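Novice: Here it is, the structure in full.
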Amino acid sequence: MEDIKVVSRALAGAEKTVLIGFPGSGLVGSIALQYVVEQMEFEQIGTITSKYFPPVALMTKGVINAPVRLYEKDNLVAVISDVPIHPTICYEVANGIMDWLAQFDIKEIATIAGIITNEPEKRVFGVATTREVLQRLEEETMILPMGSLSGIAASILTECKTRGIPGIGLLGETVNTPDPRSSAATIEVLNKIYKINLDVNPLLEQAVEIEAAMAQISEQVQKTETAPRREQLPMYG
Amino acid sequence: MEDIKVVSRALAGAEKTVLIGFPGSGLVGSIALQYVVEQMEFEQIGTITSKYFPPVALMTKGVINAPVRLYEKDNLVAVISDVPIHPTICYEVANGIMDWLAQFDIKEIATIAGIITNEPEKRVFGVATTREVLQRLEEETMILPMGSLSGIAASILTECKTRGIPGIGLLGETVNTPDPRSSAATIEVLNKIYKINLDVNPLLEQAVEIEAAMAQISEQVQKTETAPRREQLPMYG
Amino acid sequence: MEDIKVVSRALAGAEKTVLIGFPGSGLVGSIALQYVVEQMEFEQIGTITSKYFPPVALMTKGVINAPVRLYEKDNLVAVISDVPIHPTICYEVANGIMDWLAQFDIKEIATIAGIITNEPEKRVFGVATTREVLQRLEEETMILPMGSLSGIAASILTECKTRGIPGIGLLGETVNTPDPRSSAATIEVLNKIYKINLDVNPLLEQAVEIEAAMAQISEQVQKTETAPRREQLPMYG
Amino acid sequence: MEDIKVVSRALAGAEKTVLIGFPGSGLVGSIALQYVVEQMEFEQIGTITSKYFPPVALMTKGVINAPVRLYEKDNLVAVISDVPIHPTICYEVANGIMDWLAQFDIKEIATIAGIITNEPEKRVFGVATTREVLQRLEEETMILPMGSLSGIAASILTECKTRGIPGIGLLGETVNTPDPRSSAATIEVLNKIYKINLDVNPLLEQAVEIEAAMAQISEQVQKTETAPRREQLPMYG
Amino acid sequence: MEDIKVVSRALAGAEKTVLIGFPGSGLVGSIALQYVVEQMEFEQIGTITSKYFPPVALMTKGVINAPVRLYEKDNLVAVISDVPIHPTICYEVANGIMDWLAQFDIKEIATIAGIITNEPEKRVFGVATTREVLQRLEEETMILPMGSLSGIAASILTECKTRGIPGIGLLGETVNTPDPRSSAATIEVLNKIYKINLDVNPLLEQAVEIEAAMAQISEQVQKTETAPRREQLPMYG
């Protein structure tokens with residue numbers, strides 16, 4: 001039994017840019033990428049399952065989906081997780097994703113995460129695996145002079161560094177509650193560096209609702225019994 | 001040594017529908033399917049054992065049986081467990097069952113589980129792996145707009161989704177004690193979608209007895225020493 | 001490295017009946033079978049060792065022996081353990097024993113265990129893997145209408161059920177201290193169903209001494225350092 | 001990666017007697033054998049390392065050595081450990097040693113350990129794997145009528161029993177602090193049964209110093225950080 | 001999946017001396033070697049990653065790097081870790097490094113670590129795997145008459161001993177906070193035994209700053225969420 005099982009159709013075409021968002025601080029990465037795939041109508045191409053993931057499935061209008069999913073649109077690929085990854089398995093998960101991607105022609109990997117600063121601003125900090133890659137972020141983000149990154153984002157970027165794949169980290173300044181405003185700030189950076197041109201206003205307009213909904217789901221995910229949410233609550237507009 | 005060992009004769013015929021019931025909230029799934037296999041006189045065709053299961057055996061009139069069992073009648077298959085599955089092994093158990101089923105021609109999988117709402121109603125909520133499959137449930141169940149499902153039912157449905165097998169979840173509204181009334185409500189849905197025509201009145205009539213008996217067995221299962229129950233207590237009529 | 005290592009000479013002849021006794025409630029099984037093998041002068045034919053067993057060895061008159069042992073006399077085989085088996089490894093131990101036995105012609109397996117009822121009687125409850133096998137116990141034991149069995153005895157009987165080997169469980173009514181009187185009651189049932197004709201009076205006469213000795217050894221087994229017992233105490237006659 | 005890695009030159013010649021000493025109660029075994037190999041000028045022929053051992057190295061006059069070591073002189077082999085073996089890995093360690101020894105012609109294995117009696121005497125109790133082997137100990141040791149042995153010494157002797165290799169256990173009466181006087185008593189038994197003729201007076205004369213030094217090292221071994229001992233303290237004369 | 005994954009270009013040339021520094025007591029080893037590789041402009045040739053390491057990446061001016069890295073300059077190789085190694089995996093990590101090095105012509109391995117003495121001096125204690133190797137340290141370090149070493153440094157030196165590779169340990173006297181002064185003292189020894197001629201004054205001049213910076217990073221590494229440090233703080237001049 002494989003530790004990390006990727007079931008997906010193959011990526012189409014070459015020079016793919018892979019966007020990765022897991023629910024860390026402020027759920028910045030998963031909220032941002034869920035918004036991207038829904039608004040830009042990415043196609044779901046697969047799932048990632050693992051004995052290491054909690055046994056959880058999310059339902060939207062009665063249709064369930066795997067908690068970690070693969071999407072694709074044109075030269076963009078998205079990896080989105082509804083479940084947080086425990087520190088002890090970040091290495092396995094990062095390698096499982098990277099081993100699967102290694103079959104295709106990957107141009108760059110960008111991981112979106114939150115970074116807690118306890119300040120009200122919504123800046124985006126940029127890190128990269130090399131100085132050359134970092135240059136593209138210098139105008140769009142704040143460069144961290146020194147610091148440490150942990151969790152699945154650190155494992156993904158360490159693997160990019162080790163495997164020689166250009167890797168970018170966009171760290172949205174956040175607090176420790178669901179934070180669509182920080183997610184919107186990271187999408188603005190994606191807009192600039194990847195020419196996505198995605199309007200973040202719907203996300204900002206629904207920030208209050210989303211914060212409530214995400215907090216509620218996040219709480220449910222941590223229970224071991226089934227738990228419904230009956231309010232008809234549109235997630236991203 | 002295999003993690004999950006299925007010992008069974010092969011399923012007979014094609015287009016099998018598989019009913020799965022594990023003892024989660026309210027023991028809804030296991031009470032419902034135990035009633036189905038006894039009343040409809042399914043044949044036991046095998047057992048599932050695993051190093052991950054607690055070392056427990058139930059006895060009925062002096063005859064012991066394995067805690068996880070396979071039954072068959074016509075185009076219906078039932079997987080019933082007397083033991084709850086710990087969250088850390090749901091992935092392995094779900095994959096063990098699905099890998100074994102993969103040898104046969106499976107039309108659909110329906111997992112029965114409980115969902116705690118802390119309300120007195122006994123509604124049945126429906127979820128499915130795709131919108132097409134869900135359509136068949138729209139008249140018979142309430143569709144959950146949003147929520148999360150956890151435990152072995154989530155793992156089974158995630159595997160259905162990943163493997164492209166039509167999957168249904170019937171979630172009986174329940175409280176956190178053995179709940180044959182919720183089980184009866186899920187059987188009413190099975191009656192409609194699979195034309196089973198099973199009378200649930202005997203189950204409802206014995207609800208009080210069953211609640212007491214199941215609570216007692218459930219308690220015993222959690223002890224590590226042998227523990228008898230001497231009252232002659234008919235379980236399902 | 002095998003999980004469960006059986007080192008033994010092969011069983012001689014066919015149609016073997018295997019008696020199994022592990023120290024569960026009241027140490028009923030291990031006291032009963034130790035008495036059987038000593039009084040009937042079974043020959044020790046092997047040992048079972050495992051990384052899962054505690055690192056313990058018992059000494060009798062200066063000669064040490066492995067804590068789990070195999071004995072044989074005529075068509076009877078005995079498996080006796082001085083160490084209790086932790087619930088998490090019952091599956092492995094039961095399968096290790098059954099896999100080894102599978103090489104030979106086994107007619108039936110009878111596991112002796114205790115069952116706590118908190119009543120002063122010393123009845124023996126009978127369970128079996130099928131109704132046919134159970135019939136032979138109906139006159140000699142009380143049949144349990146419903147209940148659960150746990151621990152290594154449950155794992156052994158579940159494996160018998162799964163593998164289609166006739167299996168019997170004799171559950172001696174006991175309290176949670178070493179109980180040679182309950183062991184004697186199970187031997188009386190063995191006398192009847194296997195025509196052993198073993199006099200249990202010496203066991204009953206020494207009940208007080210044995211209770212004290214077993215309690216003391218049981219306590220020592222749970223310590224991690226070496227611990228002698230210097231009184232010259234005859235165990236079984 | 002092997003669980004237990006023996007790196008050693010092969011044993012020379014035939015009919016080897018293997019002395020084994022691990023630091024159990026009173027450190028009786030390790031103090032006794034360390035004295036034997038130093039006084040009799042055994043040659044170190046190898047090391048035993050394992051992922052199961054704590055990451056510790058002892059230094060003598062600036063030269064480090066592995067915590068578990070193999071020595072040889074003439075027909076004697078010694079296995080000495082500075083680190084205690086946790087109960088959960090005794091089986092693996094005993095089998096690792098026995099598997100390695102199985103390549104050579106082993107006449108007998110003698111394991112030296114402590115046995116706590118809380119009495120001031122320094123008797124030596126003798127156990128063996130068979131009655132025949134035990135006869136040689138009857139004059140030199142006290143024979144234990146009944147009792148239990150635990151830890152690595154129990155695992156070694158159980159393996160001797162299982163593999164049919166003559167095995168002896170010399171259990172020095174001790175308290176739960178480093179006890180060179182008990183070690184000396186076990187060496188006196190070795191003197192008689194193996195004709196070693198080793199003078200234990202130097203060991204007895206330095207008993208007070210050794211007790212202090214061993215207690216101090218033992219304490220250090222349990223810390224996870226580096227810890228020196230700067231006093232120039234001769235260990236064994 | 002390998003336990004310890006070394007991704008590196010091959011070492012160039014023969015007779016390599018390998019310097020190893022992990023963050024133990026006072027972070028003596030990692031501060032010393034980080035200073036060496038930066039001042040002497042070693043080239044980074046690879047990374048070591050493992051499922052056993054915490055999922056952490058350090059960033060310098062926005063560029064992330066793996067927490068365990070390989071460097072080379074002329075006949076010197078350096079292995080530097082930003083993350084401490086848990087005692088339970090020191091064996092695996094030491095063997096992973098040694099197995100990789102075994103492909104090349106290694107002359108000697110020197111591991112730098114701290115040793116807590118709770119004294120204000122900054123002496124360097126020397127240990128080695130043999131008396132011959134130790135002779136080269138006798139003038140430059142204090143030789144420890146007796147004591148124990150633990151952690152990854154102990155595992156590295158035990159493997160050197162077991163594999164017959166000359167091994168040196170330089171233990172800088174330190175307290176339990178980041179201690180660049182102790183690191184400087186160990187570099188002075190490296191200067192003498194390897195003719196490195198590295199000026200430690202810049203390290204000493206920035207000791208106060210470094211102590212603060214290292215303490216802060218060390219604290220961050222232990223958190224599981226992303227954590228930036230925004231002050232522009234030059235680490236080593």
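Ordered as shown in the structure tokens, chains take letters A, B, and onward, while each chain numbers its residues from 1 and ligands are numbered from 1 in the order shown.
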Quick one: pick out all strand (DSSP E) residues within chain A from a backbone DSSP run and write them as a ChimeraX atom specification.

Specialist: /A:4-8,16-21,43-50,56-60,63-65,68-73,76-81,106-116,124-128,142-143,146-150,167-174,227-229

Novice: Only C-alpha atoms, please: the residues just picked out, written as a PDB file, in the first residue's frame.

Specialist:
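Once everything was written out, this is again-v5.pdb:
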ATOM      1  CA  ILE A   4       0.624   8.742  -0.636  1.00  0.00           C
ATOM      2  CA  LYS A   5      -1.646   7.697  -3.500  1.00  0.00           C
ATOM      3  CA  VAL A   6      -2.139  10.105  -6.407  1.00  0.00           C
ATOM      4  CA  VAL A   7      -4.969   9.064  -8.715  1.00  0.00           C
ATOM      5  CA  SER A   8      -5.216  11.519 -11.588  1.00  0.00           C
ATOM      6  CA  LYS A  16       3.229  23.709 -16.100  1.00  0.00           C
ATOM      7  CA  THR A  17       3.142  26.023 -13.119  1.00  0.00           C
ATOM      8  CA  VAL A  18       1.876  24.258  -9.998  1.00  0.00           C
ATOM      9  CA  LEU A  19       0.008  26.182  -7.299  1.00  0.00           C
ATOM     10  CA  ILE A  20      -0.128  24.459  -3.896  1.00  0.00           C
ATOM     11  CA  GLY A  21      -2.382  25.447  -0.986  1.00  0.00           C
ATOM     12  CA  GLU A  43     -11.156  21.077 -13.979  1.00  0.00           C
ATOM     13  CA  GLN A  44     -10.663  18.526 -11.195  1.00  0.00           C
ATOM     14  CA  ILE A  45      -8.323  15.886 -12.588  1.00  0.00           C
ATOM     15  CA  GLY A  46      -7.615  13.729  -9.575  1.00  0.00           C
ATOM     16  CA  THR A  47      -7.334  13.089  -5.866  1.00  0.00           C
ATOM     17  CA  ILE A  48      -4.563  12.410  -3.395  1.00  0.00           C
ATOM     18  CA  THR A  49      -5.374   9.979  -0.598  1.00  0.00           C
ATOM     19  CA  SER A  50      -3.225   8.579   2.169  1.00  0.00           C
ATOM     20  CA  VAL A  56     -12.744  13.120   6.411  1.00  0.00           C
ATOM     21  CA  ALA A  57     -14.796  14.042   3.346  1.00  0.00           C
ATOM     22  CA  LEU A  58     -16.386  17.413   2.650  1.00  0.00           C
ATOM     23  CA  MET A  59     -19.830  17.643   1.043  1.00  0.00           C
ATOM     24  CA  THR A  60     -21.097  20.481  -1.108  1.00  0.00           C
ATOM     25  CA  VAL A  63     -21.764  15.719  -3.365  1.00  0.00           C
ATOM     26  CA  ILE A  64     -18.718  14.549  -1.477  1.00  0.00           C
ATOM     27  CA  ASN A  65     -15.150  15.096  -2.556  1.00  0.00           C
ATOM     28  CA  VAL A  68      -6.905  16.617  -1.190  1.00  0.00           C
ATOM     29  CA  ARG A  69      -7.519  17.302  -4.874  1.00  0.00           C
ATOM     30  CA  LEU A  70      -5.748  18.054  -8.142  1.00  0.00           C
ATOM     31  CA  TYR A  71      -7.046  20.613 -10.647  1.00  0.00           C
ATOM     32  CA  GLU A  72      -5.821  21.867 -13.994  1.00  0.00           C
ATOM     33  CA  LYS A  73      -6.529  24.741 -16.360  1.00  0.00           C
ATOM     34  CA  LEU A  76      -1.779  25.964 -14.403  1.00  0.00           C
ATOM     35  CA  VAL A  77      -2.124  23.065 -11.976  1.00  0.00           C
ATOM     36  CA  ALA A  78      -3.566  23.382  -8.470  1.00  0.00           C
ATOM     37  CA  VAL A  79      -3.137  21.108  -5.456  1.00  0.00           C
ATOM     38  CA  ILE A  80      -5.656  21.950  -2.729  1.00  0.00           C
ATOM     39  CA  SER A  81      -6.173  20.352   0.653  1.00  0.00           C
ATOM     40  CA  ILE A 106       7.093  21.404 -14.463  1.00  0.00           C
ATOM     41  CA  LYS A 107       8.286  24.986 -14.929  1.00  0.00           C
ATOM     42  CA  GLU A 108       7.755  26.241 -11.401  1.00  0.00           C
ATOM     43  CA  ILE A 109       6.022  25.472  -8.134  1.00  0.00           C
ATOM     44  CA  ALA A 110       4.352  28.175  -6.040  1.00  0.00           C
ATOM     45  CA  THR A 111       3.125  27.344  -2.567  1.00  0.00           C
ATOM     46  CA  ILE A 112       0.711  29.708  -0.822  1.00  0.00           C
ATOM     47  CA  ALA A 113       0.727  29.799   2.979  1.00  0.00           C
ATOM     48  CA  GLY A 114       0.008  32.080   5.883  1.00  0.00           C
ATOM     49  CA  ILE A 115       2.516  33.687   8.202  1.00  0.00           C
ATOM     50  CA  ILE A 116       1.425  34.991  11.581  1.00  0.00           C
ATOM     51  CA  VAL A 124       2.669  39.182   1.297  1.00  0.00           C
ATOM     52  CA  PHE A 125       6.187  37.943   2.018  1.00  0.00           C
ATOM     53  CA  GLY A 126       8.108  36.252  -0.761  1.00  0.00           C
ATOM     54  CA  VAL A 127      10.664  33.468  -0.574  1.00  0.00           C
ATOM     55  CA  ALA A 128      12.233  31.384  -3.324  1.00  0.00           C
ATOM     56  CA  MET A 142       8.336  41.870   0.817  1.00  0.00           C
ATOM     57  CA  ILE A 143      11.515  39.817   0.996  1.00  0.00           C
ATOM     58  CA  MET A 146      15.904  36.012   7.756  1.00  0.00           C
ATOM     59  CA  GLY A 147      13.500  33.643   9.376  1.00  0.00           C
ATOM     60  CA  SER A 148      12.169  30.142   9.328  1.00  0.00           C
ATOM     61  CA  LEU A 149       9.283  28.456   7.604  1.00  0.00           C
ATOM     62  CA  SER A 150       7.699  25.260   8.858  1.00  0.00           C
ATOM     63  CA  GLY A 167      10.107  27.116  -6.127  1.00  0.00           C
ATOM     64  CA  ILE A 168       8.255  30.150  -4.790  1.00  0.00           C
ATOM     65  CA  GLY A 169       6.590  30.728  -1.460  1.00  0.00           C
ATOM     66  CA  LEU A 170       3.967  33.427  -1.038  1.00  0.00           C
ATOM     67  CA  LEU A 171       3.344  33.965   2.650  1.00  0.00           C
ATOM     68  CA  GLY A 172       0.255  36.025   3.418  1.00  0.00           C
ATOM     69  CA  GLU A 173       0.398  37.998   6.645  1.00  0.00           C
ATOM     70  CA  THR A 174      -2.360  36.639   8.826  1.00  0.00           C
ATOM     71  CA  ALA A 227     -21.291  16.382  11.409  1.00  0.00           C
ATOM     72  CA  PRO A 228     -23.577  18.252   8.993  1.00  0.00           C
ATOM     73  CA  ARG A 229     -24.030  21.924   8.379  1.00  0.00           C
TER      74      ARG A 229
END

Novice: Figure out the distance between CA of Pro84 in chain A and CA of Tyr52 in chain A, please, to one decimal in Å.

Specialist: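 These atoms are spaced 10.9 Å apart.
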
Novice: Could you pull out the helix (DSSP H, G or I) residues of range 18-237 of chain E from DSSP and send them as a ChimeraX atom specification?

Specialist: /E:25-39,87-101,131-135,152-163,180-194,201-205,207-221

Novice: Show which residues sit within 12 Å of Asn201 in chain D, as a short mmCIF file (atom, residue, chain, number, x, y, z; two decimals) with all heavy atoms, in the first residue's frame. Count only C-alpha atoms, and ignore same-chain residues fewer than 5 positions away.

Specialist:
data_model
loop_
_atom_site.label_atom_id
_atom_site.label_comp_id
_atom_site.auth_asym_id
_atom_site.auth_seq_id
_atom_site.Cartn_x
_atom_site.Cartn_y
_atom_site.Cartn_z
N TYR D 35 35.68 -6.39 34.19
CA TYR D 35 36.85 -6.76 35.00
C TYR D 35 37.57 -7.96 34.38
O TYR D 35 38.79 -7.99 34.26
CB TYR D 35 36.41 -7.07 36.43
CG TYR D 35 37.55 -7.39 37.37
CD1 TYR D 35 38.35 -6.37 37.89
CD2 TYR D 35 37.82 -8.70 37.75
CE1 TYR D 35 39.39 -6.65 38.76
CE2 TYR D 35 38.86 -9.00 38.61
CZ TYR D 35 39.65 -7.97 39.11
OH TYR D 35 40.68 -8.26 39.97
N GLN D 39 41.41 -7.62 33.11
CA GLN D 39 42.44 -8.32 33.87
C GLN D 39 43.06 -9.45 33.05
O GLN D 39 44.25 -9.70 33.14
CB GLN D 39 41.82 -8.91 35.16
CG GLN D 39 41.37 -7.84 36.15
CD GLN D 39 42.55 -7.12 36.79
OE1 GLN D 39 43.48 -7.75 37.25
NE2 GLN D 39 42.51 -5.79 36.78
N PRO D 180 30.01 -4.06 42.82
CA PRO D 180 31.17 -4.88 42.42
C PRO D 180 31.36 -6.10 43.32
O PRO D 180 31.96 -7.08 42.89
CB PRO D 180 32.35 -3.91 42.53
CG PRO D 180 31.86 -2.74 43.30
CD PRO D 180 30.38 -2.68 43.17
N ARG D 181 30.86 -6.06 44.56
CA ARG D 181 31.01 -7.24 45.43
C ARG D 181 30.19 -8.40 44.91
O ARG D 181 30.62 -9.55 44.95
CB ARG D 181 30.59 -6.89 46.86
CG ARG D 181 31.58 -5.96 47.57
CD ARG D 181 31.17 -5.62 48.98
NE ARG D 181 32.12 -4.67 49.57
CZ ARG D 181 32.06 -3.35 49.43
NH1 ARG D 181 31.08 -2.81 48.73
NH2 ARG D 181 32.98 -2.58 49.97
N SER D 183 29.45 -8.73 41.74
CA SER D 183 30.19 -9.12 40.54
C SER D 183 31.33 -10.07 40.89
O SER D 183 31.57 -11.08 40.22
CB SER D 183 30.74 -7.88 39.84
OG SER D 183 29.71 -7.00 39.47
N ALA D 184 32.06 -9.74 41.97
CA ALA D 184 33.17 -10.59 42.40
C ALA D 184 32.67 -12.00 42.73
O ALA D 184 33.33 -12.99 42.40
CB ALA D 184 33.87 -9.97 43.62
N ALA D 185 31.50 -12.08 43.36
CA ALA D 185 30.95 -13.39 43.71
C ALA D 185 30.65 -14.21 42.45
O ALA D 185 30.89 -15.43 42.42
CB ALA D 185 29.69 -13.23 44.56
N ILE D 187 32.22 -13.88 39.62
CA ILE D 187 33.52 -14.26 39.03
C ILE D 187 34.09 -15.48 39.75
O ILE D 187 34.70 -16.35 39.13
CB ILE D 187 34.52 -13.07 39.09
CG1 ILE D 187 34.03 -11.94 38.16
CG2 ILE D 187 35.92 -13.51 38.67
CD1 ILE D 187 34.81 -10.65 38.28
N GLU D 188 33.87 -15.57 41.06
CA GLU D 188 34.33 -16.75 41.80
C GLU D 188 33.68 -18.02 41.24
O GLU D 188 34.31 -19.08 41.16
CB GLU D 188 34.00 -16.63 43.30
CG GLU D 188 34.71 -15.49 44.01
CD GLU D 188 36.19 -15.80 44.31
OE1 GLU D 188 36.77 -16.66 43.64
OE2 GLU D 188 36.74 -15.13 45.20
N GLN D 206 38.75 -2.05 45.33
CA GLN D 206 38.30 -0.78 44.74
C GLN D 206 36.79 -0.64 44.70
O GLN D 206 36.26 0.24 44.03
CB GLN D 206 38.86 -0.67 43.32
CG GLN D 206 40.37 -0.59 43.32
CD GLN D 206 40.92 -0.63 41.92
OE1 GLN D 206 40.17 -0.60 40.95
NE2 GLN D 206 42.23 -0.66 41.82
N ALA D 207 36.14 -1.50 45.46
CA ALA D 207 34.67 -1.52 45.38
C ALA D 207 34.07 -0.14 45.62
O ALA D 207 33.17 0.30 44.89
CB ALA D 207 34.11 -2.53 46.38
N TYR D 236 39.48 -0.19 37.10
CA TYR D 236 39.60 -1.56 37.64
C TYR D 236 41.02 -1.88 38.06
O TYR D 236 41.48 -3.00 37.97
CB TYR D 236 39.14 -2.58 36.60
CG TYR D 236 37.71 -2.38 36.22
CD1 TYR D 236 37.38 -2.11 34.90
CD2 TYR D 236 36.70 -2.43 37.16
CE1 TYR D 236 36.07 -1.91 34.54
CE2 TYR D 236 35.39 -2.24 36.81
CZ TYR D 236 35.07 -1.98 35.51
OH TYR D 236 33.78 -1.78 35.14
N GLY D 237 41.82 -0.94 38.52
CA GLY D 237 43.13 -1.27 39.08
C GLY D 237 44.27 -0.80 38.22
O GLY D 237 44.09 -0.39 37.11
#

Novice: Go through E:Arg136, E:Lys195, E:Lys122, E:Arg131 one by one, measure the shortest atom-to-atom distance of each to chain D using only C-alpha atoms, and give the residue with the smallest value.

Specialist: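 Closest residue, counting only C-alpha atoms: E:Arg131.
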
Novice: CA of Asn75 in chain C and CA of Ala12 in chain C, how far apart in Å?

Specialist: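 CA of Asn75 in chain C lies 8.1 Å from CA of Ala12 in chain C.
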
Novice: Hey, can you check how far CA of Ile152 in chain E sits from CA of Thr88 in chain A?

Specialist: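 Straight-line distance from CA of Ile152 in chain E to CA of Thr88 in chain A works out to 20.1 Å.
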
Novice: Given the choices B:Asn95, B:Thr141, B:Ser25, B:Gln135, which gets closest to Thr186 in chain B if the distance is worked out from only C-alpha atoms?

Specialist: B:Thr141

Novice: Nearest to Met40 in chain D: which of D:Ala154, D:Asp82, D:Asp74, D:Phe22 is it, counting only C-alpha atoms?

Specialist: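 For Met40 in chain D, the nearest of the candidates is D:Asp74.
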